[in-house]
>>> print(open('coords09.txt').read())   # compact mmCIF, N, CA and C atoms
# COMPACT_ATOMS: atom_id res chain seq x y z
N MET A 1 -33.32 -10.13 -27.49
CA MET A 1 -32.08 -9.87 -26.80
C MET A 1 -31.47 -8.58 -27.33
N GLN A 2 -31.05 -7.73 -26.45
CA GLN A 2 -30.44 -6.46 -26.82
C GLN A 2 -28.98 -6.66 -27.22
N PHE A 3 -28.55 -5.95 -28.27
CA PHE A 3 -27.15 -5.98 -28.69
C PHE A 3 -26.69 -4.54 -28.82
N GLY A 4 -25.89 -4.09 -27.87
CA GLY A 4 -25.48 -2.70 -27.85
C GLY A 4 -26.54 -1.82 -27.23
N ARG A 5 -26.24 -0.52 -27.16
CA ARG A 5 -27.17 0.43 -26.56
C ARG A 5 -27.22 1.70 -27.39
N TYR A 6 -28.39 2.35 -27.35
CA TYR A 6 -28.50 3.68 -27.91
C TYR A 6 -27.95 4.68 -26.90
N PHE A 7 -27.64 5.87 -27.37
CA PHE A 7 -27.04 6.91 -26.53
C PHE A 7 -27.82 7.12 -25.23
N GLU A 8 -29.14 7.19 -25.35
CA GLU A 8 -29.99 7.48 -24.18
C GLU A 8 -29.96 6.37 -23.12
N GLU A 9 -29.50 5.19 -23.49
CA GLU A 9 -29.48 4.06 -22.57
C GLU A 9 -28.21 4.02 -21.69
N PHE A 10 -27.25 4.87 -21.98
CA PHE A 10 -26.03 4.93 -21.17
C PHE A 10 -26.20 5.91 -20.03
N GLU A 11 -25.75 5.51 -18.85
CA GLU A 11 -25.84 6.36 -17.67
C GLU A 11 -24.49 6.35 -16.96
N VAL A 12 -24.00 7.53 -16.63
CA VAL A 12 -22.72 7.62 -15.94
C VAL A 12 -22.79 6.80 -14.65
N GLY A 13 -21.76 5.98 -14.44
CA GLY A 13 -21.69 5.13 -13.25
C GLY A 13 -22.21 3.72 -13.47
N ALA A 14 -22.92 3.50 -14.57
CA ALA A 14 -23.43 2.15 -14.86
C ALA A 14 -22.25 1.21 -15.07
N ILE A 15 -22.38 -0.01 -14.55
CA ILE A 15 -21.36 -1.05 -14.72
C ILE A 15 -21.99 -2.22 -15.43
N TYR A 16 -21.36 -2.64 -16.53
CA TYR A 16 -21.82 -3.79 -17.30
C TYR A 16 -20.83 -4.93 -17.10
N LYS A 17 -21.30 -6.02 -16.54
CA LYS A 17 -20.46 -7.20 -16.35
C LYS A 17 -20.65 -8.10 -17.57
N HIS A 18 -19.58 -8.28 -18.32
CA HIS A 18 -19.66 -9.01 -19.58
C HIS A 18 -19.62 -10.51 -19.32
N TRP A 19 -20.46 -11.21 -20.06
CA TRP A 19 -20.57 -12.65 -19.91
C TRP A 19 -20.76 -13.27 -21.27
N PRO A 20 -20.20 -14.39 -21.55
CA PRO A 20 -19.42 -15.24 -20.65
C PRO A 20 -17.95 -14.82 -20.63
N GLY A 21 -17.21 -15.46 -19.74
CA GLY A 21 -15.76 -15.29 -19.71
C GLY A 21 -15.13 -16.17 -20.79
N LYS A 22 -13.80 -16.15 -20.86
CA LYS A 22 -13.10 -16.96 -21.86
C LYS A 22 -11.87 -17.58 -21.21
N THR A 23 -11.80 -18.91 -21.24
CA THR A 23 -10.60 -19.61 -20.79
C THR A 23 -9.61 -19.62 -21.96
N ILE A 24 -8.42 -19.13 -21.70
CA ILE A 24 -7.42 -18.95 -22.76
C ILE A 24 -6.55 -20.18 -22.87
N THR A 25 -6.54 -20.78 -24.03
CA THR A 25 -5.73 -21.97 -24.27
C THR A 25 -4.39 -21.59 -24.90
N GLU A 26 -3.47 -22.52 -24.85
CA GLU A 26 -2.19 -22.32 -25.52
C GLU A 26 -2.42 -22.11 -27.02
N TYR A 27 -3.33 -22.88 -27.58
CA TYR A 27 -3.65 -22.75 -29.00
C TYR A 27 -4.12 -21.33 -29.33
N ASP A 28 -5.05 -20.79 -28.54
CA ASP A 28 -5.56 -19.43 -28.77
C ASP A 28 -4.42 -18.43 -28.83
N ASP A 29 -3.55 -18.51 -27.83
CA ASP A 29 -2.44 -17.57 -27.71
C ASP A 29 -1.47 -17.71 -28.87
N HIS A 30 -1.09 -18.94 -29.20
CA HIS A 30 -0.13 -19.16 -30.29
C HIS A 30 -0.72 -18.72 -31.63
N LEU A 31 -2.00 -19.03 -31.86
CA LEU A 31 -2.62 -18.62 -33.12
C LEU A 31 -2.63 -17.10 -33.24
N PHE A 32 -3.01 -16.41 -32.17
CA PHE A 32 -3.03 -14.95 -32.21
C PHE A 32 -1.63 -14.40 -32.48
N CYS A 33 -0.63 -14.96 -31.80
CA CYS A 33 0.76 -14.52 -32.03
C CYS A 33 1.16 -14.72 -33.49
N LEU A 34 0.84 -15.87 -34.04
CA LEU A 34 1.22 -16.15 -35.42
C LEU A 34 0.45 -15.27 -36.40
N LEU A 35 -0.83 -15.04 -36.16
CA LEU A 35 -1.62 -14.19 -37.05
C LEU A 35 -1.11 -12.75 -37.05
N THR A 36 -0.60 -12.29 -35.91
CA THR A 36 -0.14 -10.91 -35.80
C THR A 36 1.37 -10.79 -35.94
N MET A 37 2.04 -11.89 -36.25
CA MET A 37 3.49 -11.94 -36.47
C MET A 37 4.30 -11.53 -35.24
N ASN A 38 3.77 -11.82 -34.05
CA ASN A 38 4.50 -11.57 -32.81
C ASN A 38 5.15 -12.89 -32.41
N HIS A 39 6.43 -13.01 -32.68
CA HIS A 39 7.13 -14.27 -32.44
C HIS A 39 8.01 -14.22 -31.20
N HIS A 40 7.68 -13.34 -30.27
CA HIS A 40 8.48 -13.25 -29.04
C HIS A 40 8.43 -14.59 -28.30
N PRO A 41 9.59 -15.13 -27.92
CA PRO A 41 9.60 -16.44 -27.28
C PRO A 41 8.87 -16.49 -25.94
N LEU A 42 8.66 -15.35 -25.29
CA LEU A 42 7.90 -15.34 -24.04
C LEU A 42 6.51 -15.93 -24.25
N HIS A 43 5.98 -15.76 -25.46
CA HIS A 43 4.62 -16.20 -25.74
C HIS A 43 4.55 -17.58 -26.40
N ILE A 44 5.58 -17.99 -27.15
CA ILE A 44 5.45 -19.20 -27.95
C ILE A 44 6.49 -20.29 -27.68
N ASP A 45 7.46 -20.02 -26.82
CA ASP A 45 8.54 -20.99 -26.57
C ASP A 45 8.53 -21.36 -25.08
N ALA A 46 7.97 -22.51 -24.77
CA ALA A 46 7.82 -22.93 -23.36
C ALA A 46 9.17 -23.10 -22.67
N HIS A 47 10.16 -23.62 -23.37
CA HIS A 47 11.49 -23.81 -22.77
C HIS A 47 12.12 -22.45 -22.44
N TYR A 48 12.05 -21.53 -23.37
CA TYR A 48 12.58 -20.18 -23.12
C TYR A 48 11.87 -19.56 -21.91
N ALA A 49 10.56 -19.62 -21.90
CA ALA A 49 9.79 -19.02 -20.80
C ALA A 49 10.14 -19.66 -19.46
N ALA A 50 10.37 -20.99 -19.46
CA ALA A 50 10.68 -21.71 -18.22
C ALA A 50 12.08 -21.40 -17.71
N THR A 51 13.00 -21.14 -18.62
CA THR A 51 14.40 -21.00 -18.20
C THR A 51 14.91 -19.57 -18.21
N SER A 52 14.23 -18.66 -18.86
CA SER A 52 14.78 -17.32 -19.05
C SER A 52 13.87 -16.18 -18.62
N THR A 53 12.75 -16.48 -17.96
CA THR A 53 11.84 -15.41 -17.56
C THR A 53 11.49 -15.52 -16.08
N GLU A 54 11.04 -14.45 -15.52
CA GLU A 54 10.65 -14.44 -14.11
C GLU A 54 9.38 -15.24 -13.85
N PHE A 55 8.58 -15.49 -14.89
CA PHE A 55 7.31 -16.18 -14.72
C PHE A 55 7.44 -17.69 -14.76
N GLY A 56 8.47 -18.19 -15.45
CA GLY A 56 8.70 -19.62 -15.54
C GLY A 56 7.74 -20.37 -16.46
N LYS A 57 6.92 -19.62 -17.18
CA LYS A 57 6.00 -20.22 -18.14
C LYS A 57 5.57 -19.14 -19.12
N ASN A 58 4.94 -19.58 -20.21
CA ASN A 58 4.50 -18.63 -21.23
C ASN A 58 3.48 -17.64 -20.67
N VAL A 59 3.59 -16.41 -21.13
CA VAL A 59 2.64 -15.34 -20.80
C VAL A 59 1.81 -15.09 -22.06
N VAL A 60 0.50 -14.98 -21.90
CA VAL A 60 -0.38 -14.70 -23.03
C VAL A 60 -0.07 -13.29 -23.54
N VAL A 61 0.01 -13.15 -24.86
CA VAL A 61 0.33 -11.87 -25.47
C VAL A 61 -0.75 -10.83 -25.11
N GLY A 62 -0.30 -9.66 -24.70
CA GLY A 62 -1.20 -8.63 -24.20
C GLY A 62 -2.26 -8.16 -25.18
N ASN A 63 -1.91 -8.09 -26.47
CA ASN A 63 -2.90 -7.62 -27.44
C ASN A 63 -4.07 -8.60 -27.57
N TYR A 64 -3.83 -9.86 -27.30
CA TYR A 64 -4.93 -10.84 -27.31
C TYR A 64 -5.87 -10.57 -26.13
N ILE A 65 -5.29 -10.28 -24.97
CA ILE A 65 -6.11 -9.97 -23.79
C ILE A 65 -6.98 -8.74 -24.08
N TYR A 66 -6.35 -7.69 -24.61
CA TYR A 66 -7.10 -6.48 -24.96
C TYR A 66 -8.21 -6.81 -25.97
N SER A 67 -7.88 -7.57 -27.00
CA SER A 67 -8.86 -7.91 -28.03
C SER A 67 -10.02 -8.70 -27.47
N LEU A 68 -9.74 -9.63 -26.58
CA LEU A 68 -10.82 -10.40 -25.94
C LEU A 68 -11.74 -9.49 -25.14
N LEU A 69 -11.16 -8.61 -24.33
CA LEU A 69 -11.98 -7.72 -23.51
C LEU A 69 -12.80 -6.77 -24.36
N LEU A 70 -12.20 -6.26 -25.42
CA LEU A 70 -12.93 -5.39 -26.33
C LEU A 70 -14.10 -6.16 -26.94
N GLY A 71 -13.84 -7.38 -27.38
CA GLY A 71 -14.90 -8.21 -27.95
C GLY A 71 -15.99 -8.53 -26.94
N MET A 72 -15.60 -8.85 -25.70
CA MET A 72 -16.59 -9.14 -24.67
C MET A 72 -17.52 -7.96 -24.43
N SER A 73 -17.01 -6.74 -24.62
CA SER A 73 -17.79 -5.55 -24.30
C SER A 73 -18.75 -5.13 -25.42
N VAL A 74 -18.63 -5.70 -26.59
CA VAL A 74 -19.43 -5.26 -27.74
C VAL A 74 -20.93 -5.35 -27.47
N ALA A 75 -21.39 -6.46 -26.96
CA ALA A 75 -22.84 -6.64 -26.74
C ALA A 75 -23.41 -5.60 -25.77
N ASP A 76 -22.58 -5.15 -24.82
CA ASP A 76 -23.05 -4.20 -23.81
C ASP A 76 -22.76 -2.74 -24.17
N VAL A 77 -21.68 -2.49 -24.90
CA VAL A 77 -21.23 -1.11 -25.11
C VAL A 77 -21.32 -0.67 -26.57
N SER A 78 -20.65 -1.35 -27.46
CA SER A 78 -20.49 -0.81 -28.81
C SER A 78 -21.24 -1.57 -29.90
N GLY A 79 -22.20 -2.39 -29.53
CA GLY A 79 -22.95 -3.16 -30.51
C GLY A 79 -23.72 -2.32 -31.50
N LYS A 80 -24.09 -1.11 -31.14
CA LYS A 80 -24.80 -0.20 -32.04
C LYS A 80 -23.88 0.94 -32.50
N ALA A 81 -22.61 0.86 -32.21
CA ALA A 81 -21.68 1.97 -32.45
C ALA A 81 -21.63 2.41 -33.90
N ILE A 82 -21.50 3.70 -34.08
CA ILE A 82 -21.21 4.29 -35.38
C ILE A 82 -19.69 4.19 -35.61
N ALA A 83 -18.92 4.42 -34.53
CA ALA A 83 -17.46 4.35 -34.64
C ALA A 83 -16.84 4.21 -33.26
N ASN A 84 -15.76 3.46 -33.19
CA ASN A 84 -14.88 3.50 -32.04
C ASN A 84 -13.90 4.62 -32.33
N LEU A 85 -13.92 5.67 -31.52
CA LEU A 85 -13.17 6.87 -31.82
C LEU A 85 -11.74 6.86 -31.30
N GLU A 86 -11.56 6.29 -30.11
CA GLU A 86 -10.25 6.44 -29.47
C GLU A 86 -10.08 5.41 -28.36
N VAL A 87 -8.89 4.88 -28.26
CA VAL A 87 -8.49 4.16 -27.06
C VAL A 87 -7.51 5.09 -26.37
N GLU A 88 -7.94 5.63 -25.24
CA GLU A 88 -7.15 6.64 -24.55
C GLU A 88 -5.98 6.05 -23.79
N SER A 89 -6.21 4.93 -23.15
CA SER A 89 -5.15 4.31 -22.36
C SER A 89 -5.35 2.81 -22.36
N LEU A 90 -4.26 2.10 -22.23
CA LEU A 90 -4.29 0.64 -22.17
C LEU A 90 -3.16 0.21 -21.25
N LYS A 91 -3.51 -0.48 -20.16
CA LYS A 91 -2.50 -0.94 -19.21
C LYS A 91 -2.69 -2.42 -18.93
N HIS A 92 -1.59 -3.15 -19.03
CA HIS A 92 -1.56 -4.55 -18.62
C HIS A 92 -0.94 -4.55 -17.23
N VAL A 93 -1.74 -4.89 -16.23
CA VAL A 93 -1.29 -4.74 -14.85
C VAL A 93 -0.86 -6.04 -14.18
N ALA A 94 -1.15 -7.17 -14.81
CA ALA A 94 -0.71 -8.47 -14.30
C ALA A 94 -0.68 -9.45 -15.48
N PRO A 95 0.19 -10.44 -15.42
CA PRO A 95 0.27 -11.39 -16.52
C PRO A 95 -0.92 -12.34 -16.54
N THR A 96 -1.21 -12.84 -17.74
CA THR A 96 -2.22 -13.86 -17.94
C THR A 96 -1.53 -15.08 -18.53
N PHE A 97 -1.91 -16.26 -18.07
CA PHE A 97 -1.24 -17.49 -18.48
C PHE A 97 -2.23 -18.43 -19.18
N HIS A 98 -1.68 -19.38 -19.93
CA HIS A 98 -2.52 -20.41 -20.56
C HIS A 98 -3.31 -21.10 -19.46
N GLY A 99 -4.59 -21.29 -19.69
CA GLY A 99 -5.46 -21.91 -18.70
C GLY A 99 -6.21 -20.92 -17.83
N ASP A 100 -5.79 -19.66 -17.82
CA ASP A 100 -6.52 -18.64 -17.06
C ASP A 100 -7.84 -18.34 -17.76
N THR A 101 -8.83 -17.94 -16.98
CA THR A 101 -10.11 -17.51 -17.52
C THR A 101 -10.23 -16.01 -17.33
N LEU A 102 -10.58 -15.33 -18.40
CA LEU A 102 -10.69 -13.87 -18.41
C LEU A 102 -12.15 -13.46 -18.32
N TYR A 103 -12.43 -12.49 -17.43
CA TYR A 103 -13.75 -11.90 -17.28
C TYR A 103 -13.61 -10.39 -17.43
N GLY A 104 -14.66 -9.73 -17.91
CA GLY A 104 -14.56 -8.29 -18.11
C GLY A 104 -15.78 -7.56 -17.59
N GLU A 105 -15.55 -6.28 -17.29
CA GLU A 105 -16.63 -5.38 -16.92
C GLU A 105 -16.28 -3.98 -17.39
N THR A 106 -17.32 -3.21 -17.71
CA THR A 106 -17.13 -1.85 -18.20
C THR A 106 -17.96 -0.88 -17.38
N THR A 107 -17.36 0.27 -17.05
CA THR A 107 -18.04 1.35 -16.34
C THR A 107 -18.17 2.54 -17.27
N VAL A 108 -19.36 3.14 -17.30
CA VAL A 108 -19.59 4.35 -18.08
C VAL A 108 -19.06 5.53 -17.27
N LEU A 109 -18.12 6.28 -17.86
CA LEU A 109 -17.50 7.41 -17.18
C LEU A 109 -18.10 8.76 -17.58
N GLU A 110 -18.52 8.86 -18.84
CA GLU A 110 -19.07 10.13 -19.33
C GLU A 110 -19.98 9.85 -20.53
N VAL A 111 -21.03 10.65 -20.64
CA VAL A 111 -21.97 10.57 -21.75
C VAL A 111 -22.14 12.00 -22.26
N LYS A 112 -21.84 12.21 -23.55
CA LYS A 112 -21.85 13.57 -24.08
C LYS A 112 -22.49 13.59 -25.46
N GLU A 113 -23.45 14.51 -25.66
CA GLU A 113 -24.08 14.64 -26.97
C GLU A 113 -23.08 15.20 -27.97
N SER A 114 -23.24 14.82 -29.23
CA SER A 114 -22.39 15.33 -30.29
C SER A 114 -22.63 16.83 -30.47
N ASN A 115 -21.55 17.58 -30.70
CA ASN A 115 -21.68 19.02 -30.96
C ASN A 115 -22.09 19.29 -32.40
N SER A 116 -21.81 18.35 -33.29
CA SER A 116 -22.04 18.61 -34.71
C SER A 116 -23.21 17.84 -35.33
N LYS A 117 -23.59 16.71 -34.72
CA LYS A 117 -24.68 15.91 -35.29
C LYS A 117 -25.67 15.54 -34.20
N PRO A 118 -26.92 15.98 -34.30
CA PRO A 118 -27.90 15.76 -33.23
C PRO A 118 -28.41 14.33 -33.10
N ASP A 119 -28.03 13.45 -34.02
CA ASP A 119 -28.54 12.08 -33.98
C ASP A 119 -27.62 11.11 -33.27
N ARG A 120 -26.59 11.63 -32.56
CA ARG A 120 -25.61 10.74 -31.93
C ARG A 120 -24.93 11.40 -30.74
N GLY A 121 -24.17 10.56 -30.02
CA GLY A 121 -23.41 11.07 -28.88
C GLY A 121 -22.15 10.23 -28.69
N ILE A 122 -21.35 10.65 -27.73
CA ILE A 122 -20.08 9.97 -27.45
C ILE A 122 -20.11 9.45 -26.02
N VAL A 123 -19.78 8.18 -25.88
CA VAL A 123 -19.76 7.53 -24.58
C VAL A 123 -18.30 7.20 -24.25
N TYR A 124 -17.89 7.58 -23.05
CA TYR A 124 -16.52 7.36 -22.57
C TYR A 124 -16.60 6.27 -21.50
N VAL A 125 -15.88 5.16 -21.72
CA VAL A 125 -15.98 4.01 -20.83
C VAL A 125 -14.61 3.50 -20.41
N GLU A 126 -14.61 2.76 -19.30
CA GLU A 126 -13.41 2.07 -18.83
C GLU A 126 -13.74 0.59 -18.71
N THR A 127 -12.93 -0.24 -19.36
CA THR A 127 -13.11 -1.69 -19.31
C THR A 127 -11.97 -2.30 -18.52
N ARG A 128 -12.33 -3.23 -17.63
CA ARG A 128 -11.34 -3.91 -16.79
C ARG A 128 -11.47 -5.41 -17.01
N GLY A 129 -10.32 -6.08 -17.06
CA GLY A 129 -10.31 -7.52 -17.20
C GLY A 129 -9.72 -8.17 -15.97
N TYR A 130 -10.33 -9.26 -15.54
CA TYR A 130 -9.91 -9.98 -14.34
C TYR A 130 -9.72 -11.45 -14.68
N ASN A 131 -8.78 -12.09 -13.98
CA ASN A 131 -8.66 -13.54 -14.14
C ASN A 131 -9.61 -14.25 -13.18
N GLN A 132 -9.57 -15.56 -13.19
CA GLN A 132 -10.49 -16.38 -12.39
C GLN A 132 -10.32 -16.16 -10.89
N ASP A 133 -9.18 -15.60 -10.46
CA ASP A 133 -8.95 -15.33 -9.03
C ASP A 133 -9.37 -13.92 -8.63
N GLY A 134 -9.85 -13.15 -9.60
CA GLY A 134 -10.26 -11.77 -9.32
C GLY A 134 -9.13 -10.77 -9.45
N THR A 135 -7.97 -11.20 -9.92
CA THR A 135 -6.84 -10.29 -10.13
C THR A 135 -7.06 -9.50 -11.41
N MET A 136 -6.98 -8.16 -11.30
CA MET A 136 -7.09 -7.34 -12.50
C MET A 136 -5.84 -7.56 -13.35
N VAL A 137 -6.06 -7.83 -14.65
CA VAL A 137 -4.94 -8.07 -15.55
C VAL A 137 -4.80 -6.99 -16.62
N CYS A 138 -5.89 -6.27 -16.91
CA CYS A 138 -5.86 -5.28 -17.99
C CYS A 138 -6.93 -4.23 -17.72
N ILE A 139 -6.63 -2.99 -18.11
CA ILE A 139 -7.60 -1.90 -17.98
C ILE A 139 -7.39 -0.94 -19.14
N PHE A 140 -8.49 -0.50 -19.76
CA PHE A 140 -8.37 0.49 -20.82
C PHE A 140 -9.60 1.38 -20.86
N ARG A 141 -9.39 2.58 -21.40
CA ARG A 141 -10.46 3.56 -21.56
C ARG A 141 -10.60 3.89 -23.05
N ARG A 142 -11.86 4.09 -23.45
CA ARG A 142 -12.09 4.42 -24.86
C ARG A 142 -13.34 5.27 -25.02
N ARG A 143 -13.43 5.90 -26.18
CA ARG A 143 -14.60 6.70 -26.54
C ARG A 143 -15.28 6.05 -27.75
N VAL A 144 -16.60 5.95 -27.65
CA VAL A 144 -17.40 5.28 -28.68
C VAL A 144 -18.52 6.23 -29.11
N MET A 145 -18.68 6.39 -30.42
CA MET A 145 -19.79 7.19 -30.94
C MET A 145 -20.98 6.26 -31.18
N VAL A 146 -22.10 6.58 -30.54
CA VAL A 146 -23.29 5.74 -30.66
C VAL A 146 -24.49 6.58 -31.13
N PRO A 147 -25.42 5.95 -31.84
CA PRO A 147 -26.60 6.70 -32.31
C PRO A 147 -27.60 6.92 -31.19
N LYS A 148 -28.39 7.95 -31.35
CA LYS A 148 -29.54 8.14 -30.48
C LYS A 148 -30.65 7.22 -30.97
N ALA A 149 -31.57 6.90 -30.09
CA ALA A 149 -32.67 6.01 -30.45
C ALA A 149 -33.54 6.66 -31.54
N PRO A 150 -34.05 5.84 -32.45
CA PRO A 150 -34.95 6.39 -33.48
C PRO A 150 -36.19 7.00 -32.84
N GLN A 151 -36.64 8.08 -33.41
CA GLN A 151 -37.83 8.79 -32.85
C GLN A 151 -39.09 8.35 -33.54
>>> encode(input="coords09.txt", output="structure tokens")
Amino acid sequence: MQFGRYFEEFEVGAIYKHWPGKTITEYDDHLFCLLTMNHHPLHIDAHYAATSTEFGKNVVVGNYIYSLLLGMSVADVSGKAIANLEVESLKHVAPTFHGDTLYGETTVLEVKESNSKPDRGIVYVETRGYNQDGTMVCIFRRRVMVPKAPQ
């Protein structure tokens, strides 16, 4: 089974559909909030969310959604990475709720050889996350330094 890709294996326009998805539980969300010290009641207080927000229920913390999508993409994108260089943009475009299932896919936008080291290159990708209904909930772009295949 392949884990990650060498530089030569990336092709502009390629789309990697990450599998499996992840159903997000209340426990997952609360644990992530507590580990990262994000105590906003929108994420951890069901009464507050029901009575004081437009959603009427807890919203999963956005950094958890991003972290899940990043993790889902490792086997397809950065499993052989030398370094994750940059997250250029990160947008949460729709809320995610407890019980939603998150799926991800990544598109290769650019593939560029390193100017300074001939044994590696930089891959520019866009990862999108969707819930079980196909609604996009998160999108981000990043640059990853990956090695060239051994000769």
>>> residues_around(input="coords09.txt", residues="region 67-84 of chain A", least_positions_apart="5", cutoff="8 Å", atoms="only C-alpha atoms", output="JSON, numbers by chain")
{"A": [2, 3, 4, 5, 6, 16, 18, 19, 20, 21, 103, 104, 105, 106, 127, 128, 129, 142, 143, 144, 145, 146, 147]}
>>> closest_residue(input="coords09.txt", among="A:Leu35, A:Ile15, A:Ile139, A:Val111", to="Leu90 (chain A)", atoms="only N, CA and C atoms")
A:Ile139
>>> atom_distance(input="coords09.txt", atom1="atom C of Asp119 (chain A)", atom2="atom C of Gly13 (chain A)")
21.8 Å
>>> closest_residue(input="coords09.txt", among="A:Asp100, A:Val108, A:Glu113, A:Ala149", to="Asn131 (chain A)", atoms="all atoms listed in the file")
A:Asp100
>>> atom_distance(input="coords09.txt", atom1="atom N of Leu109 (chain A)", atom2="CA of Val87 (chain A)")
13.5 Å
>>> residues_around(input="coords09.txt", residues="His98 (chain A)", least_positions_apart="2", cutoff="10 Å", atoms="only C-alpha atoms", output="mmCIF file with N, CA and C atoms, in the coordinates of the input")
data_model
loop_
_atom_site.group_PDB
_atom_site.id
_atom_site.type_symbol
_atom_site.label_atom_id
_atom_site.label_comp_id
_atom_site.auth_asym_id
_atom_site.auth_seq_id
_atom_site.Cartn_x
_atom_site.Cartn_y
_atom_site.Cartn_z
ATOM 1 N N THR A 23 -11.800 -18.910 -21.240
ATOM 2 C CA THR A 23 -10.600 -19.610 -20.790
ATOM 3 C C THR A 23 -9.610 -19.620 -21.960
ATOM 4 N N ILE A 24 -8.420 -19.130 -21.700
ATOM 5 C CA ILE A 24 -7.420 -18.950 -22.760
ATOM 6 C C ILE A 24 -6.550 -20.180 -22.870
ATOM 7 N N THR A 25 -6.540 -20.780 -24.030
ATOM 8 C CA THR A 25 -5.730 -21.970 -24.270
ATOM 9 C C THR A 25 -4.390 -21.590 -24.900
ATOM 10 N N GLU A 26 -3.470 -22.520 -24.850
ATOM 11 C CA GLU A 26 -2.190 -22.320 -25.520
ATOM 12 C C GLU A 26 -2.420 -22.110 -27.020
ATOM 13 N N TYR A 27 -3.330 -22.880 -27.580
ATOM 14 C CA TYR A 27 -3.650 -22.750 -29.000
ATOM 15 C C TYR A 27 -4.120 -21.330 -29.330
ATOM 16 N N ASP A 28 -5.050 -20.790 -28.540
ATOM 17 C CA ASP A 28 -5.560 -19.430 -28.770
ATOM 18 C C ASP A 28 -4.420 -18.430 -28.830
ATOM 19 N N ASP A 29 -3.550 -18.510 -27.830
ATOM 20 C CA ASP A 29 -2.440 -17.570 -27.710
ATOM 21 C C ASP A 29 -1.470 -17.710 -28.870
ATOM 22 N N HIS A 43 5.980 -15.760 -25.460
ATOM 23 C CA HIS A 43 4.620 -16.200 -25.740
ATOM 24 C C HIS A 43 4.550 -17.580 -26.400
ATOM 25 N N LYS A 57 6.920 -19.620 -17.180
ATOM 26 C CA LYS A 57 6.000 -20.220 -18.140
ATOM 27 C C LYS A 57 5.570 -19.140 -19.120
ATOM 28 N N ASN A 58 4.940 -19.580 -20.210
ATOM 29 C CA ASN A 58 4.500 -18.630 -21.230
ATOM 30 C C ASN A 58 3.480 -17.640 -20.670
ATOM 31 N N VAL A 59 3.590 -16.410 -21.130
ATOM 32 C CA VAL A 59 2.640 -15.340 -20.800
ATOM 33 C C VAL A 59 1.810 -15.090 -22.060
ATOM 34 N N VAL A 60 0.500 -14.980 -21.900
ATOM 35 C CA VAL A 60 -0.380 -14.700 -23.030
ATOM 36 C C VAL A 60 -0.070 -13.290 -23.540
ATOM 37 N N THR A 96 -1.210 -12.840 -17.740
ATOM 38 C CA THR A 96 -2.220 -13.860 -17.940
ATOM 39 C C THR A 96 -1.530 -15.080 -18.530
ATOM 40 N N ASP A 100 -5.790 -19.660 -17.820
ATOM 41 C CA ASP A 100 -6.520 -18.640 -17.060
ATOM 42 C C ASP A 100 -7.840 -18.340 -17.760
ATOM 43 N N THR A 101 -8.830 -17.940 -16.980
ATOM 44 C CA THR A 101 -10.110 -17.510 -17.520
ATOM 45 C C THR A 101 -10.230 -16.010 -17.330
#
>>> atom_distance(input="coords09.txt", atom1="atom C of Phe7 (chain A)", atom2="atom N of Lys91 (chain A)")
26.0 Å
>>> select_by_dssp(input="coords09.txt", residues="region 29-151 of chain A", states="alpha helix (DSSP H)", output="number ranges by chain")
A: 29-35, 41-44, 46-52, 62-73
